[in-house]
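The structure file upload-v7.txt is reproduced below (compact mmCIF, C-alpha atoms).
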# COMPACT_ATOMS: atom_id res chain seq x y z
CA MET A 1 216.11 71.26 56.80
CA SER A 2 212.78 70.81 55.12
CA SER A 3 210.22 73.39 56.13
CA LYS A 4 207.35 72.94 53.70
CA LYS A 5 204.25 74.99 54.17
CA HIS A 6 200.77 74.88 52.76
CA TYR A 7 199.95 77.37 50.02
CA SER A 8 196.88 78.17 47.97
CA ILE A 9 197.18 80.09 44.71
CA THR A 10 194.52 80.59 42.03
CA VAL A 11 196.12 80.18 38.60
CA ASN A 12 194.05 80.95 35.50
CA GLY A 13 190.88 80.60 37.55
CA LYS A 14 191.79 77.24 39.10
CA GLN A 15 192.63 77.08 42.78
CA GLU A 16 195.82 75.12 43.43
CA GLU A 17 196.75 73.79 46.88
CA PHE A 18 200.14 72.31 47.64
CA LEU A 19 203.05 72.09 50.05
CA ALA A 20 206.24 73.92 49.15
CA GLU A 21 209.36 75.49 50.61
CA PRO A 22 208.58 79.20 51.13
CA ARG A 23 211.70 80.28 49.21
CA GLU A 24 210.70 78.44 46.02
CA LEU A 25 210.52 80.98 43.22
CA LEU A 26 207.02 81.37 41.82
CA ILE A 27 208.26 80.62 38.29
CA TYR A 28 209.34 77.14 39.45
CA THR A 29 206.04 76.60 41.26
CA LEU A 30 204.20 77.38 38.03
CA ARG A 31 206.40 75.41 35.66
CA GLU A 32 207.53 72.41 37.64
CA ARG A 33 204.92 71.96 40.36
CA LEU A 34 201.78 72.96 38.44
CA ASN A 35 203.04 72.12 34.91
CA ILE A 36 202.08 75.56 33.63
CA THR A 37 204.98 76.01 31.25
CA GLY A 38 203.87 79.09 29.29
CA PRO A 39 205.90 81.51 31.41
CA HIS A 40 209.54 80.93 30.49
CA ILE A 41 212.76 81.13 32.45
CA GLY A 42 215.20 83.44 30.71
CA CYS A 43 217.54 84.97 33.27
CA GLU A 44 216.08 84.26 36.75
CA THR A 45 217.30 87.70 37.79
CA SER A 46 214.39 89.92 36.70
CA HIS A 47 216.14 91.34 33.64
CA CYS A 48 214.44 89.62 30.72
CA GLY A 49 210.70 89.44 31.45
CA ALA A 50 210.17 85.98 29.87
CA CYS A 51 208.48 84.86 33.11
CA THR A 52 206.01 87.78 33.23
CA VAL A 53 202.63 86.87 34.71
CA THR A 54 199.75 88.94 36.08
CA ILE A 55 199.22 88.87 39.84
CA ASP A 56 196.17 90.58 41.34
CA GLY A 57 195.99 92.81 38.27
CA LYS A 58 199.66 93.83 38.05
CA SER A 59 202.45 92.62 35.77
CA VAL A 60 205.08 90.77 37.78
CA LYS A 61 208.19 88.82 36.88
CA ALA A 62 207.57 85.40 38.43
CA CYS A 63 211.28 85.02 39.20
CA THR A 64 211.16 87.98 41.62
CA MET A 65 208.64 86.40 43.93
CA PHE A 66 208.80 83.60 46.46
CA VAL A 67 205.84 81.23 46.40
CA ALA A 68 205.17 82.40 49.97
CA GLN A 69 204.56 85.92 48.66
CA ALA A 70 202.01 84.63 46.14
CA ASP A 71 199.93 82.77 48.74
CA GLY A 72 196.23 83.59 48.36
CA LYS A 73 196.78 85.58 45.17
CA TYR A 74 195.29 85.34 41.68
CA VAL A 75 197.78 84.58 38.94
CA THR A 76 197.18 84.75 35.19
CA THR A 77 199.68 83.23 32.77
CA ILE A 78 199.68 83.13 28.96
CA GLU A 79 197.58 79.94 29.19
CA GLY A 80 194.83 82.01 30.82
CA ILE A 81 194.93 84.68 28.12
CA GLY A 82 193.98 82.51 25.14
CA GLY A 83 194.45 79.04 23.64
CA LEU A 84 194.75 77.53 20.17
CA ASP A 85 191.00 77.64 19.60
CA ASP A 86 190.42 81.09 21.06
CA LEU A 87 193.47 83.24 20.43
CA HIS A 88 193.54 86.59 22.20
CA PRO A 89 193.74 89.51 19.72
CA LEU A 90 197.35 90.04 20.86
CA GLN A 91 198.24 86.42 20.15
CA ASN A 92 196.62 86.71 16.75
CA ALA A 93 198.41 89.97 16.01
CA PHE A 94 201.81 88.54 16.99
CA LYS A 95 201.08 85.67 14.56
CA GLU A 96 199.93 87.93 11.73
CA HIS A 97 202.62 90.59 12.09
CA HIS A 98 205.60 88.33 12.77
CA GLY A 99 205.87 89.52 16.35
CA LEU A 100 208.01 86.52 17.16
CA GLN A 101 211.05 84.78 15.74
CA CYS A 102 212.28 82.09 18.14
CA GLY A 103 209.24 82.67 20.36
CA TYR A 104 211.00 82.35 23.69
CA CYS A 105 210.12 85.83 24.94
CA THR A 106 206.60 85.76 23.46
CA PRO A 107 204.54 84.48 26.43
CA GLY A 108 206.03 87.20 28.63
CA MET A 109 205.67 89.83 25.91
CA ILE A 110 201.99 89.05 25.34
CA THR A 111 201.17 88.73 29.05
CA ARG A 112 202.77 92.13 29.69
CA ALA A 113 201.08 93.61 26.60
CA THR A 114 197.61 92.57 27.83
CA LYS A 115 198.13 94.74 30.91
CA LEU A 116 199.70 97.55 28.88
CA LEU A 117 196.58 97.74 26.68
CA GLU A 118 194.32 97.65 29.75
CA GLU A 119 196.26 100.52 31.30
CA ASN A 120 196.42 102.42 28.01
CA PRO A 121 194.17 101.18 25.18
CA ASN A 122 195.64 103.66 22.65
CA PRO A 123 199.39 103.70 23.26
CA THR A 124 201.81 105.58 21.03
CA GLU A 125 204.88 103.75 19.75
CA GLU A 126 206.93 105.46 22.46
CA GLU A 127 204.46 104.42 25.16
CA ILE A 128 204.57 100.83 23.90
CA ARG A 129 208.37 100.81 23.98
CA PHE A 130 208.40 102.31 27.48
CA GLY A 131 205.64 100.03 28.79
CA MET A 132 207.37 96.95 27.37
CA ALA A 133 210.88 97.94 28.53
CA GLY A 134 210.95 95.15 31.09
CA ASN A 135 210.73 92.51 28.36
CA ILE A 136 213.76 91.65 26.28
CA CYS A 137 213.76 89.85 22.90
CA ARG A 138 217.05 88.11 22.17
CA CYS A 139 216.19 87.99 18.45
CA THR A 140 215.88 91.80 18.69
CA GLY A 141 212.54 91.62 16.89
CA TYR A 142 211.24 94.74 18.59
CA GLN A 143 209.94 96.47 15.46
CA ASN A 144 207.41 93.73 14.76
CA ILE A 145 206.53 93.35 18.43
CA VAL A 146 205.56 97.04 18.48
CA LYS A 147 203.61 96.60 15.21
CA SER A 148 201.79 93.57 16.64
CA ILE A 149 200.76 95.47 19.76
CA GLN A 150 199.59 98.42 17.67
CA ALA A 151 197.55 96.08 15.43
CA ALA A 152 196.00 94.32 18.44
CA ALA A 153 195.13 97.67 20.03
CA ALA A 154 193.40 98.79 16.82
CA GLU A 155 191.48 95.52 16.58
CA MET A 156 190.45 95.55 20.24
CA ASN A 157 189.32 99.18 20.03
CA ALA A 158 187.31 98.49 16.85
CA ALA A 159 185.66 95.48 18.50
CA LYS A 160 184.81 97.59 21.55
CA GLU A 161 183.27 100.31 19.35
CA ALA A 162 181.26 97.74 17.38
CA ALA A 163 179.90 96.34 20.64
CA GLU A 164 178.72 99.76 21.84
CA MET B 1 215.71 79.05 55.19
CA ARG B 2 213.21 80.31 57.72
CA TYR B 3 210.51 82.56 56.29
CA GLU B 4 208.50 84.67 58.73
CA ARG B 5 205.62 87.00 58.02
CA PRO B 6 205.04 88.88 61.30
CA GLN B 7 201.88 90.93 61.88
CA THR B 8 203.53 93.64 64.00
CA ILE B 9 206.69 95.72 63.79
CA GLU B 10 207.63 94.61 67.32
CA ASP B 11 207.63 90.98 66.19
CA ALA B 12 209.60 91.91 63.07
CA THR B 13 212.35 93.77 64.94
CA ALA B 14 212.51 90.99 67.56
CA LEU B 15 213.02 88.42 64.80
CA MET B 16 215.78 90.52 63.21
CA ALA B 17 217.40 91.22 66.59
CA GLY B 18 217.40 87.53 67.52
CA ALA B 19 218.78 86.29 64.19
CA GLU B 20 222.22 84.74 64.23
CA ALA B 21 223.38 85.53 60.70
CA ASN B 22 222.21 86.12 57.14
CA ALA B 23 218.88 87.66 58.11
CA PHE B 24 217.12 89.90 55.61
CA VAL B 25 214.04 92.09 55.58
CA LEU B 26 211.79 91.42 52.58
CA ALA B 27 209.33 93.92 51.14
CA GLY B 28 209.13 93.87 47.33
CA GLY B 29 212.07 91.49 47.07
CA THR B 30 213.21 92.89 43.72
CA ASP B 31 216.80 93.33 44.94
CA LEU B 32 217.03 90.52 47.50
CA LEU B 33 215.68 87.74 45.29
CA VAL B 34 217.91 88.76 42.40
CA ARG B 35 220.95 88.76 44.69
CA MET B 36 220.00 85.34 46.05
CA GLN B 37 219.79 84.03 42.48
CA SER B 38 222.83 85.72 40.98
CA ASP B 39 225.15 85.28 43.97
CA ALA B 40 223.61 81.88 44.76
CA PHE B 41 223.55 82.43 48.50
CA GLU B 42 221.02 81.11 50.98
CA ALA B 43 219.44 83.32 53.62
CA ASP B 44 218.97 81.85 57.09
CA LEU B 45 216.02 84.08 57.91
CA ILE B 46 213.74 86.25 55.80
CA VAL B 47 211.32 88.59 57.55
CA ASP B 48 208.52 89.58 55.17
CA ILE B 49 207.15 92.94 56.40
CA LYS B 50 204.24 93.18 53.97
CA ALA B 51 201.66 91.82 56.41
CA ILE B 52 202.36 94.50 59.04
CA SER B 53 199.33 96.76 59.39
CA GLY B 54 199.81 100.18 57.81
CA PHE B 55 203.05 99.34 56.03
CA ASP B 56 201.33 99.43 52.64
CA ALA B 57 199.79 102.89 53.18
CA ILE B 58 200.64 106.42 52.10
CA THR B 59 199.24 108.74 54.78
CA GLN B 60 198.93 112.50 54.56
CA THR B 61 199.46 114.22 57.92
CA GLU B 62 199.74 117.82 59.12
CA ASP B 63 203.49 117.52 58.75
CA GLY B 64 203.55 115.96 55.30
CA PHE B 65 203.45 112.36 54.08
CA VAL B 66 204.23 109.02 55.67
CA ILE B 67 205.11 106.38 53.07
CA GLY B 68 205.04 102.89 54.56
CA ALA B 69 207.99 100.58 53.98
CA ALA B 70 205.92 98.14 51.92
CA VAL B 71 204.32 100.67 49.54
CA PRO B 72 205.22 99.68 45.96
CA SER B 73 206.68 102.44 43.77
CA ALA B 74 203.73 102.19 41.39
CA ALA B 75 201.42 103.32 44.22
CA LEU B 76 203.30 106.62 44.60
CA SER B 77 202.21 107.84 41.17
CA GLU B 78 198.61 106.82 41.96
CA ASP B 79 198.50 109.22 44.96
CA ALA B 80 197.43 112.58 43.50
CA ALA B 81 198.30 114.60 46.62
CA LEU B 82 201.79 113.14 46.75
CA VAL B 83 202.35 113.76 43.03
CA ALA B 84 201.27 117.39 43.50
CA ALA B 85 203.49 117.92 46.55
CA TRP B 86 206.64 115.99 45.54
CA PRO B 87 206.63 115.38 41.77
CA GLY B 88 210.41 114.84 41.74
CA VAL B 89 210.28 112.10 44.36
CA VAL B 90 207.51 110.35 42.41
CA GLU B 91 209.32 110.63 39.06
CA ALA B 92 212.48 109.22 40.66
CA ALA B 93 210.61 106.29 42.23
CA ASN B 94 209.00 105.59 38.86
CA LEU B 95 212.40 105.15 37.21
CA ILE B 96 213.28 102.09 39.31
CA GLY B 97 213.27 99.02 37.04
CA SER B 98 210.42 98.29 34.63
CA THR B 99 206.64 98.22 35.04
CA GLN B 100 206.87 94.65 36.35
CA ILE B 101 209.34 95.79 39.03
CA GLN B 102 207.38 98.96 39.85
CA GLY B 103 204.46 96.92 41.14
CA ARG B 104 206.72 95.22 43.68
CA CYS B 105 209.70 97.44 44.57
CA THR B 106 209.68 100.00 47.39
CA ILE B 107 211.58 103.25 48.04
CA VAL B 108 212.67 101.94 51.45
CA GLY B 109 214.12 98.91 49.69
CA ASN B 110 215.83 101.18 47.18
CA LEU B 111 217.33 103.09 50.12
CA CYS B 112 218.41 100.02 52.10
CA ASN B 113 219.91 98.28 49.06
CA ALA B 114 222.38 101.19 49.31
CA SER B 115 223.37 101.32 45.67
CA PRO B 116 225.19 104.61 44.99
CA ALA B 117 223.05 104.81 41.82
CA ALA B 118 219.65 104.31 43.53
CA ASP B 119 217.20 106.58 41.72
CA SER B 120 214.82 107.49 44.53
CA VAL B 121 217.51 108.39 47.06
CA PRO B 122 218.79 111.74 45.64
CA ALA B 123 215.19 112.89 45.25
CA LEU B 124 214.39 111.96 48.87
CA VAL B 125 217.54 113.75 50.10
CA ALA B 126 216.71 116.88 48.09
CA ALA B 127 213.18 116.78 49.55
CA ASP B 128 214.70 116.63 53.06
CA ALA B 129 212.92 113.35 53.77
CA ARG B 130 213.62 111.32 56.89
CA ALA B 131 213.61 107.62 57.66
CA GLN B 132 211.55 106.38 60.62
CA ILE B 133 213.41 103.44 62.11
CA ALA B 134 211.99 100.88 64.53
CA GLY B 135 214.28 98.75 66.61
CA PRO B 136 214.61 96.83 69.85
CA ALA B 137 215.37 100.10 71.68
CA GLY B 138 212.39 101.97 70.24
CA THR B 139 211.96 104.24 67.25
CA ARG B 140 214.21 106.97 65.91
CA GLU B 141 214.33 109.26 62.90
CA VAL B 142 217.34 110.01 60.73
CA ALA B 143 217.91 112.05 57.60
CA ILE B 144 217.76 109.90 54.46
CA ALA B 145 221.35 110.86 53.58
CA ASP B 146 222.54 109.26 56.83
CA VAL B 147 221.06 105.82 56.03
CA PRO B 148 223.52 104.63 53.35
CA THR B 149 227.16 104.71 54.44
CA GLY B 150 228.70 103.30 51.25
CA PRO B 151 227.95 100.79 48.48
CA GLY B 152 225.68 98.08 49.96
CA LYS B 153 226.11 99.40 53.51
CA VAL B 154 223.61 101.13 55.80
CA SER B 155 223.81 102.70 59.26
CA LEU B 156 221.04 100.52 60.75
CA SER B 157 221.89 98.56 63.89
CA LYS B 158 221.05 94.91 64.39
CA GLY B 159 217.32 94.45 64.74
CA GLU B 160 216.45 97.83 63.21
CA ILE B 161 213.94 98.11 60.36
CA ILE B 162 212.93 101.25 58.46
CA GLU B 163 209.17 101.54 58.97
CA ALA B 164 208.48 104.51 56.75
CA VAL B 165 209.83 107.45 54.80
CA LEU B 166 208.63 110.82 56.10
CA LEU B 167 208.29 113.60 53.54
CA PRO B 168 207.75 117.12 54.86
CA LYS B 169 204.82 119.28 53.80
CA PRO B 170 206.30 121.53 51.10
CA GLU B 171 206.40 125.29 51.73
CA PRO B 172 204.29 127.41 49.35
CA ARG B 173 205.84 127.81 45.87
CA THR B 174 208.12 124.84 46.37
CA ALA B 175 208.78 122.05 43.87
CA ASP B 176 211.29 119.34 43.11
CA ALA B 177 212.53 117.47 40.05
CA TYR B 178 214.72 114.44 39.37
CA LEU B 179 216.60 113.51 36.23
CA ARG B 180 218.92 110.65 35.52
CA PHE B 181 221.04 109.70 32.57
CA ILE B 182 221.34 106.10 31.35
CA PRO B 183 222.88 104.65 28.17
CA ARG B 184 219.60 103.14 26.94
CA THR B 185 216.21 104.80 27.14
CA GLU B 186 214.78 102.71 29.98
CA MET B 187 215.67 100.19 32.61
CA ASP B 188 219.34 100.75 33.30
CA ILE B 189 221.53 101.88 36.16
CA ALA B 190 222.03 105.64 36.45
CA VAL B 191 225.28 107.09 35.10
CA VAL B 192 224.33 110.19 37.08
CA GLY B 193 221.13 111.19 38.89
CA ALA B 194 220.36 114.78 39.92
CA ALA B 195 217.57 116.06 42.17
CA VAL B 196 216.74 119.69 42.86
CA ASN B 197 214.18 120.98 45.35
CA LEU B 198 213.65 124.73 45.54
CA SER B 199 211.31 127.37 46.99
CA LEU B 200 210.47 130.77 45.55
CA GLY B 201 210.03 133.96 47.58
CA ASP B 202 207.30 136.54 46.94
CA ASP B 203 209.48 138.32 44.38
CA GLY B 204 210.14 135.11 42.44
CA THR B 205 213.74 134.68 43.53
CA ILE B 206 214.86 131.33 44.93
CA SER B 207 214.65 131.50 48.72
CA ALA B 208 215.69 127.95 49.57
CA ALA B 209 217.21 125.03 47.66
CA ARG B 210 218.56 121.54 48.11
CA VAL B 211 220.56 119.76 45.42
CA ALA B 212 221.44 116.05 45.62
CA LEU B 213 223.42 113.84 43.25
CA GLY B 214 223.46 110.07 42.79
CA ALA B 215 225.97 107.68 41.15
CA VAL B 216 228.90 110.12 41.44
CA ALA B 217 230.25 109.06 44.85
CA PRO B 218 230.11 106.01 47.16
CA LYS B 219 226.83 107.38 48.49
CA VAL B 220 224.32 110.09 47.68
CA LEU B 221 225.72 113.64 47.86
CA LEU B 222 223.92 116.71 49.21
CA VAL B 223 225.78 119.55 47.48
CA GLU B 224 225.51 122.69 49.59
CA GLU B 225 227.61 124.83 47.23
CA ALA B 226 225.12 123.97 44.48
CA ALA B 227 222.19 125.10 46.64
CA GLU B 228 224.03 128.32 47.49
CA ALA B 229 224.51 128.98 43.77
CA LEU B 230 220.73 128.98 43.35
CA ILE B 231 219.58 130.88 46.44
CA GLY B 232 218.88 134.56 45.79
CA SER B 233 218.81 134.11 42.01
CA ASN B 234 216.07 134.00 39.40
CA LEU B 235 217.77 130.97 37.86
CA ASP B 236 219.64 133.20 35.41
CA GLU B 237 222.49 131.82 33.32
CA ALA B 238 225.11 132.79 35.92
CA ALA B 239 223.27 130.86 38.65
CA LEU B 240 222.83 127.84 36.39
CA GLU B 241 226.50 127.88 35.46
CA ALA B 242 227.54 128.18 39.13
CA LEU B 243 225.19 125.28 39.95
CA ALA B 244 226.70 123.10 37.21
CA VAL B 245 230.28 123.89 38.28
CA ALA B 246 229.46 123.14 41.93
CA CYS B 247 227.90 119.79 40.98
CA SER B 248 230.80 118.81 38.71
CA ASN B 249 233.32 119.75 41.41
CA ALA B 250 231.47 117.84 44.14
CA SER B 251 231.32 114.67 42.07
CA ASN B 252 233.83 111.96 42.85
CA PRO B 253 232.67 109.15 40.54
CA ILE B 254 234.13 105.86 39.34
CA ASP B 255 235.16 104.89 35.81
CA ASP B 256 233.09 102.03 34.39
CA LYS B 257 231.43 100.82 31.21
CA ARG B 258 228.64 103.36 31.65
CA GLY B 259 230.91 106.40 31.79
CA THR B 260 234.32 107.80 32.63
CA VAL B 261 235.06 110.02 35.60
CA GLU B 262 235.36 113.07 33.36
CA TYR B 263 232.09 112.29 31.60
CA ARG B 264 230.16 111.71 34.82
CA LYS B 265 231.38 115.00 36.30
CA GLU B 266 230.24 116.85 33.18
CA VAL B 267 226.86 115.09 33.09
CA ALA B 268 226.28 115.85 36.81
CA GLY B 269 226.41 119.57 35.99
CA VAL B 270 224.21 119.27 32.92
CA LEU B 271 221.53 117.20 34.68
CA ALA B 272 221.48 119.52 37.72
CA ARG B 273 220.89 122.49 35.41
CA ARG B 274 217.98 120.77 33.70
CA ALA B 275 216.46 119.50 36.96
CA ALA B 276 216.72 123.02 38.43
CA GLN B 277 214.88 124.45 35.42
CA THR B 278 212.08 121.91 35.78
CA ALA B 279 211.78 122.46 39.54
CA TYR B 280 211.78 126.25 39.03
CA ALA B 281 208.99 126.06 36.45
CA ARG B 282 206.96 123.75 38.69
CA ALA B 283 207.45 126.01 41.74
CA GLY B 284 206.21 128.99 39.75
CA GLU B 285 202.97 127.15 39.05
CA ASN B 286 202.37 126.25 42.71

Could you write out this structure as structure tokens?
Amino acid sequence: MSSKKHYSITVNGKQEEFLAEPRELLIYTLRERLNITGPHIGCETSHCGACTVTIDGKSVKACTMFVAQADGKYVTTIEGIGGLDDLHPLQNAFKEHHGLQCGYCTPGMITRATKLLEENPNPTEEEIRFGMAGNICRCTGYQNIVKSIQAAAAEMNAAKEAAE
Amino acid sequence: MRYERPQTIEDATALMAGAEANAFVLAGGTDLLVRMQSDAFEADLIVDIKAISGFDAITQTEDGFVIGAAVPSAALSEDAALVAAWPGVVEAANLIGSTQIQGRCTIVGNLCNASPAADSVPALVAADARAQIAGPAGTREVAIADVPTGPGKVSLSKGEIIEAVLLPKPEPRTADAYLRFIPRTEMDIAVVGAAVNLSLGDDGTISAARVALGAVAPKVLLVEEAAEALIGSNLDEAALEALAVACSNASNPIDDKRGTVEYRKEVAGVLARRAAQTAYARAGEN
């Protein structure tokens, strides 16, 4: 039985209106309905974090949410964090410090890391590892992911100081 | 699948009471959605309780705290009064899943999922928390320990929904602590979880205690022998040893990839000792 409902979600600043089944997972809404393919599907069971997005200021795995639960909310994906011409300091740091190998986990890693650095602009290595525990890298490239986040934190803090 | 988002608890319980089969209450969804994906089953009815007024609030009353059924775990650590009163409950709730899960998951969901290894449940039992249940026949209160009856099973009747967790106002010089052991450093299922809640008398001896264990039996255990080992002591080595022995003896765990029966029994004693030491130090500061 089809029971489509009307939903409105703001993704990366753009309001999207559409009809969908309430039980559609948000990750499918983003990727297949709205063609926002930055957030990846790794496990669909909230283990891996590849689908991490920001919803109303909090990190969320987009596979643990029905589209109905996201109605009226503000979603930010990796596309809203920075693009080829205006890389976010985290994206730049992951590039410079080899924070990715196959790259599959990277959109989720960086999206989560943006919130981590907002919550704690000067994290220790242990705090980074704890704060990123919901994101898994199948290449096991954790050492360079931590280094990339540390480098981005240093750059962002220096930029903030220079601006003051 | 029918998805309903009622505005009142009466509408929510009526929907659950009238459902034919496969009806589920949804709050954070961090267990339900994963089960729907991994077991590939379809729900007939989902009742989302997040729009019900007051369900997302932590309220301090004369009797203690009322934590609404839709309050995400992350919000517990943002409530300074709750952290001061029940640090063990908050630290347990903050061990559920990762940061991404914390923003969604709820302690009522953790309770109703009825995993023997649920992190927040031993801490709630040690704190002598109660569940406020709404249903077609009105509301009732039960001790948290009486909600789960075994793995994946709860004592709720058809149409009943837990509205809130009620935490008592702690007595003076009272504190709790929760510790769990997992094979990796974060984000895993508890091998053992241990919660201790204790009160100190004027002379510094322990005047009251509650000790609860998770992941060592089909449901959470309240270990009275362990509490008796603490009461009247200054948490000296003899009391700690008696506590550890009582916890090991009370444990009736399974063997699995995370630990053998023998190992879990041993760890239950060790964790209870350490949780008691933390709770004792915290109570002394109150």

Chain A contacts to chain B at 7 Å (all atoms listed in the file) as a compact mmCIF listing (two decimals) with C-alpha atoms, keeping the file's coordinate frame:
# COMPACT_ATOMS: atom_id res chain seq x y z
CA PRO A 22 208.58 79.20 51.13
CA GLU A 44 216.08 84.26 36.75
CA THR A 45 217.30 87.70 37.79
CA SER A 46 214.39 89.92 36.70
CA LYS A 58 199.66 93.83 38.05
CA SER A 59 202.45 92.62 35.77
CA VAL A 60 205.08 90.77 37.78
CA LYS A 61 208.19 88.82 36.88
CA THR A 64 211.16 87.98 41.62
CA MET A 65 208.64 86.40 43.93
CA PHE A 130 208.40 102.31 27.48
CA GLY A 131 205.64 100.03 28.79
CA ALA A 133 210.88 97.94 28.53
CA GLY A 134 210.95 95.15 31.09

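In terms of minimum interatomic distance to Ala250 in chain B, B:Glu224 ranks closest within B:Glu224, B:Ile161, B:Asn197, B:Met16, counting all atoms listed in the file.
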
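Of the listed residues A:Gly49, A:Tyr142, A:Ala154, A:Leu117, the one whose atoms come nearest to Arg129 in chain A is A:Tyr142, with distances taken using all atoms listed in the file.
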
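Atom pair CA of Asp11 in chain B / CA of Gly159 in chain B: separated by 10.4 Å.
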
Quick one: 6 Å padding each side, axis-aligned, all listed atoms of range 134-145 of chain A - centre and edge lengths in Å to one decimal, as AutoDock Vina command-line options?
--center_x 211.8 --center_y 92.2 --center_z 22.9 --size_x 22.5 --size_y 20.5 --size_z 28.3

* Please measure the separation of CA of Glu225 in chain B and CA of Leu243 in chain B, giving the value in Å to one decimal. => 7.7 Å

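Here CA of Val147 in chain B and CA of Asp256 in chain B stand 25.0 Å from one another.
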
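Distance annotation: of A:Thr10, A:Asn35, A:Asn122, A:Ser148, the residue with the minimal separation from Ile55 in chain A is A:Thr10; atom set is all atoms listed in the file.
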
* To do: Would you kindly return, as an MDAnalysis selection string, each protein, DNA or RNA residue with an atom no farther than 12 Å from any atom of Asp203 in chain B, considering only C-alpha atoms and excluding same-chain residues fewer than 2 positions away?
  => chainID B and resid 173 199:201 205:207 232:234 284

Dump of C-alpha atoms for the selected residues, as a PDB file, keeping the file's coordinate frame:
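Printed below is out_33.pdb as written:
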ATOM      1  CA  ARG B 173     205.840 127.810  45.870  1.00  0.00           C
ATOM      2  CA  SER B 199     211.310 127.370  46.990  1.00  0.00           C
ATOM      3  CA  LEU B 200     210.470 130.770  45.550  1.00  0.00           C
ATOM      4  CA  GLY B 201     210.030 133.960  47.580  1.00  0.00           C
ATOM      5  CA  THR B 205     213.740 134.680  43.530  1.00  0.00           C
ATOM      6  CA  ILE B 206     214.860 131.330  44.930  1.00  0.00           C
ATOM      7  CA  SER B 207     214.650 131.500  48.720  1.00  0.00           C
ATOM      8  CA  GLY B 232     218.880 134.560  45.790  1.00  0.00           C
ATOM      9  CA  SER B 233     218.810 134.110  42.010  1.00  0.00           C
ATOM     10  CA  ASN B 234     216.070 134.000  39.400  1.00  0.00           C
ATOM     11  CA  GLY B 284     206.210 128.990  39.750  1.00  0.00           C
TER      12      GLY B 284
END

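Minimum atom-to-atom distances from A:Ala70, A:Val53, A:Ile9, A:Ala152 to Leu34 in chain A were compared using only C-alpha atoms, and the lowest value belongs to A:Ile9.
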